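Student: Take a look at this one; I'll ask things after.
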Amino acid sequence: MKKIFYLFMITTALVIGGCEGPEGPRGPQGPAGGNVEAEVFELINVDFSLNNNGEYTIFRNLNILDSDVVLIYRMAGTIDAQTPIWQLLPRTLFLNEGELDYDYDFSAEDFTIYAGGTYNLALTPEYINDQVFRIVIIPGQFSDRPASVVDFSDYNAVIEAYNLQGKPVRQIN
């Protein structure tokens, strides 16, 4: 009797699990204006310039929406020819010469990357010349995604979260 009961239960579970009901209601219409996507740009082998205020900077024009967010990563090295190591700015490096800080700011029209320190940065040209940066623009309409979902300090996590894998990285001159 138990065997028949178990057979009946298994058959019932399979039948119920395989049932399909009517299709649910259609979801709400997405925002108008086309498909807005995150973008990645790259600055390759750029040098910081010493400005009139004694600051080392890299300045570029880049038009974005007021609601967009800009993340900037510095290539700190490589594991191999195909695997760069990206570090999110701001970043502080502790060198034998002293402290070196990288930072940035952005507006809807441009961005500036800064290098400053507790010593004369000209003493360490490898940290202010021939630098590589990745600039990731995240459209503001993604802002409903909780920040805890994406680890912005991890370049690869950001690229994956915003479906940027395999998309071309455009260079900024």
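Just so we're on the same page: first chain in the structure tokens is A, next is B, and so on; residues restart at 1 for each chain, and ligands are numbered from 1 in the order they show up.
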Got a sec: who's within 10 Å of range 108-113 of chain A, counting only C-alpha atoms, leaving out chain neighbours fewer than 2 positions off, as an MDAnalysis selection string?

Tutor: chainID A and resid 48 56:70 72 89:90 102:106 115 133 135

Student: Could the residues in this selection be written to a file with N, CA and C atoms, as a short mmCIF file (atom, residue, chain, number, x, y, z; two decimals), in the first residue's frame?

Tutor:
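The result, stored in selection03.cif:
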data_model
loop_
_atom_site.label_atom_id
_atom_site.label_comp_id
_atom_site.auth_asym_id
_atom_site.auth_seq_id
_atom_site.Cartn_x
_atom_site.Cartn_y
_atom_site.Cartn_z
N PHE A 48 50.84 63.06 -17.30
CA PHE A 48 50.30 64.16 -16.52
C PHE A 48 51.05 65.43 -16.91
N TYR A 56 49.76 68.15 -11.01
CA TYR A 56 49.86 67.27 -12.17
C TYR A 56 48.45 66.83 -12.54
N THR A 57 48.03 67.09 -13.79
CA THR A 57 46.67 66.78 -14.21
C THR A 57 46.64 66.19 -15.62
N ILE A 58 45.56 65.47 -15.89
CA ILE A 58 45.18 65.04 -17.23
C ILE A 58 43.75 65.53 -17.40
N PHE A 59 43.51 66.34 -18.42
CA PHE A 59 42.19 66.93 -18.64
C PHE A 59 41.67 66.49 -20.00
N ARG A 60 40.41 66.10 -20.06
CA ARG A 60 39.77 65.75 -21.33
C ARG A 60 38.33 66.22 -21.33
N ASN A 61 37.86 66.64 -22.50
CA ASN A 61 36.45 66.94 -22.70
C ASN A 61 35.72 65.64 -22.94
N LEU A 62 34.55 65.52 -22.36
CA LEU A 62 33.72 64.34 -22.54
C LEU A 62 32.30 64.73 -22.15
N ASN A 63 31.40 64.79 -23.12
CA ASN A 63 30.03 65.19 -22.84
C ASN A 63 29.21 64.00 -22.37
N ILE A 64 28.63 64.14 -21.19
CA ILE A 64 27.76 63.12 -20.62
C ILE A 64 26.53 63.80 -20.06
N LEU A 65 25.54 63.02 -19.70
CA LEU A 65 24.33 63.57 -19.07
C LEU A 65 24.62 63.94 -17.62
N ASP A 66 23.89 64.92 -17.12
CA ASP A 66 24.06 65.34 -15.73
C ASP A 66 23.85 64.19 -14.75
N SER A 67 23.00 63.24 -15.11
CA SER A 67 22.68 62.14 -14.20
C SER A 67 23.69 60.99 -14.26
N ASP A 68 24.60 61.01 -15.23
CA ASP A 68 25.57 59.92 -15.38
C ASP A 68 26.61 59.94 -14.28
N VAL A 69 27.22 58.78 -14.07
CA VAL A 69 28.30 58.62 -13.10
C VAL A 69 29.55 58.20 -13.86
N VAL A 70 30.69 58.74 -13.49
CA VAL A 70 31.96 58.39 -14.12
C VAL A 70 32.84 57.68 -13.09
N ILE A 72 36.76 56.02 -12.82
CA ILE A 72 38.05 56.00 -13.51
C ILE A 72 38.96 55.01 -12.81
N LEU A 89 40.10 54.83 -8.87
CA LEU A 89 40.53 56.08 -8.24
C LEU A 89 39.40 56.58 -7.36
N PRO A 90 39.68 57.28 -6.28
CA PRO A 90 40.98 57.74 -5.82
C PRO A 90 41.80 56.57 -5.26
N TYR A 102 46.28 59.58 -6.46
CA TYR A 102 45.55 59.79 -7.71
C TYR A 102 44.11 60.07 -7.35
N ASP A 103 43.51 61.05 -8.02
CA ASP A 103 42.12 61.39 -7.79
C ASP A 103 41.53 61.91 -9.10
N TYR A 104 40.25 62.18 -9.12
CA TYR A 104 39.62 62.74 -10.32
C TYR A 104 38.36 63.48 -9.95
N ASP A 105 37.91 64.30 -10.88
CA ASP A 105 36.59 64.90 -10.80
C ASP A 105 36.00 64.91 -12.19
N PHE A 106 34.68 65.09 -12.27
CA PHE A 106 34.03 65.13 -13.58
C PHE A 106 32.81 66.03 -13.52
N ALA A 115 47.27 63.91 -9.99
CA ALA A 115 48.31 63.18 -9.28
C ALA A 115 48.97 64.17 -8.34
N PHE A 133 44.49 54.65 -18.40
CA PHE A 133 43.28 54.79 -17.59
C PHE A 133 42.08 54.27 -18.37
N ILE A 135 37.95 54.79 -18.41
CA ILE A 135 36.87 55.65 -17.94
C ILE A 135 35.56 54.93 -18.23
#

Student: Find the nearest atom pair between each residue of range 33-135 of chain A and range 145-164 of chain A for residues within 9 Å, count only C-alpha atoms, give distances in Å to one decimal, sort rows by chain and ascending number, and present the table as a Markdown table.

Tutor:
| residue | atom | partner | partner_atom | distance |
| --- | --- | --- | --- | --- |
| A:Glu37 | CA | A:Tyr162 | CA | 7.8 |
| A:Ala38 | CA | A:Tyr162 | CA | 6.3 |
| A:Glu39 | CA | A:Leu164 | CA | 7.4 |
| A:Val40 | CA | A:Leu164 | CA | 7.9 |
| A:Leu71 | CA | A:Phe152 | CA | 8.0 |
| A:Tyr73 | CA | A:Tyr155 | CA | 7.3 |
| A:Ile85 | CA | A:Tyr155 | CA | 8.7 |
| A:Trp86 | CA | A:Tyr155 | CA | 6.1 |
| A:Gln87 | CA | A:Ser153 | CA | 6.8 |
| A:Leu88 | CA | A:Ser153 | CA | 5.2 |
| A:Leu89 | CA | A:Ser153 | CA | 8.4 |

Student: Distance CA of Asp130 in chain A-CA of Asn53 in chain A, one decimal place?

Tutor: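 If I compute the distance from CA of Asp130 in chain A to CA of Asn53 in chain A, I get 21.9 Å.
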
Student: Nearest residue to Arg134 in chain A out of A:Leu93, A:Val46, A:Ala122, A:Leu100, using only C-alpha atoms?

Tutor: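 Counting only C-alpha atoms, the residue closest to Arg134 in chain A is A:Val46.
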
Student: Counting only C-alpha atoms, which residue out of A:Ala81, A:Leu43, A:Ile172, A:Leu50 sits closest to Leu121 in chain A?

Tutor: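 The shortest atom-to-atom distance to Leu121 in chain A comes from A:Leu50.
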
Student: Quote the spacing between CA of Gln131 in chain A and CA of Arg74 in chain A in Å to one decimal place.

Tutor: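 Result for CA of Gln131 in chain A versus CA of Arg74 in chain A: 7.5 Å, one decimal.
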
Student: So, with only C-alpha atoms as the atoms that count, which of A:Pro139, A:Lys167, A:Asp80, A:Val132 lies closest to Glu42 in chain A?

Tutor: A:Val132

Student: To one decimal in Å, tell me the separation between CA of Arg91 in chain A and CA of Thr118 in chain A.

Tutor: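 Spanning CA of Arg91 in chain A to CA of Thr118 in chain A is a straight-line distance of 14.1 Å.
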
Student: Pick the closest to Thr92 in chain A from A:Ala76, A:Ile137, A:Leu123, A:Ile44: which is it, counting only C-alpha atoms?

Tutor: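 Smallest distance to Thr92 in chain A is found for A:Ala76.
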
Student: Would you please work out which residue, of A:Thr124, A:Phe41, A:Glu23, A:Glu99, is nearest to Asn173 in chain A when using only C-alpha atoms?

Tutor: A:Phe41

Student: Restricting the calculation to only C-alpha atoms, which member of A:Gln171, A:Asn96, A:Ser107, A:Gln165 is positioned closest to Tyr119 in chain A?

Tutor: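 When distances to Tyr119 in chain A are compared using only C-alpha atoms, the smallest one comes from A:Asn96.
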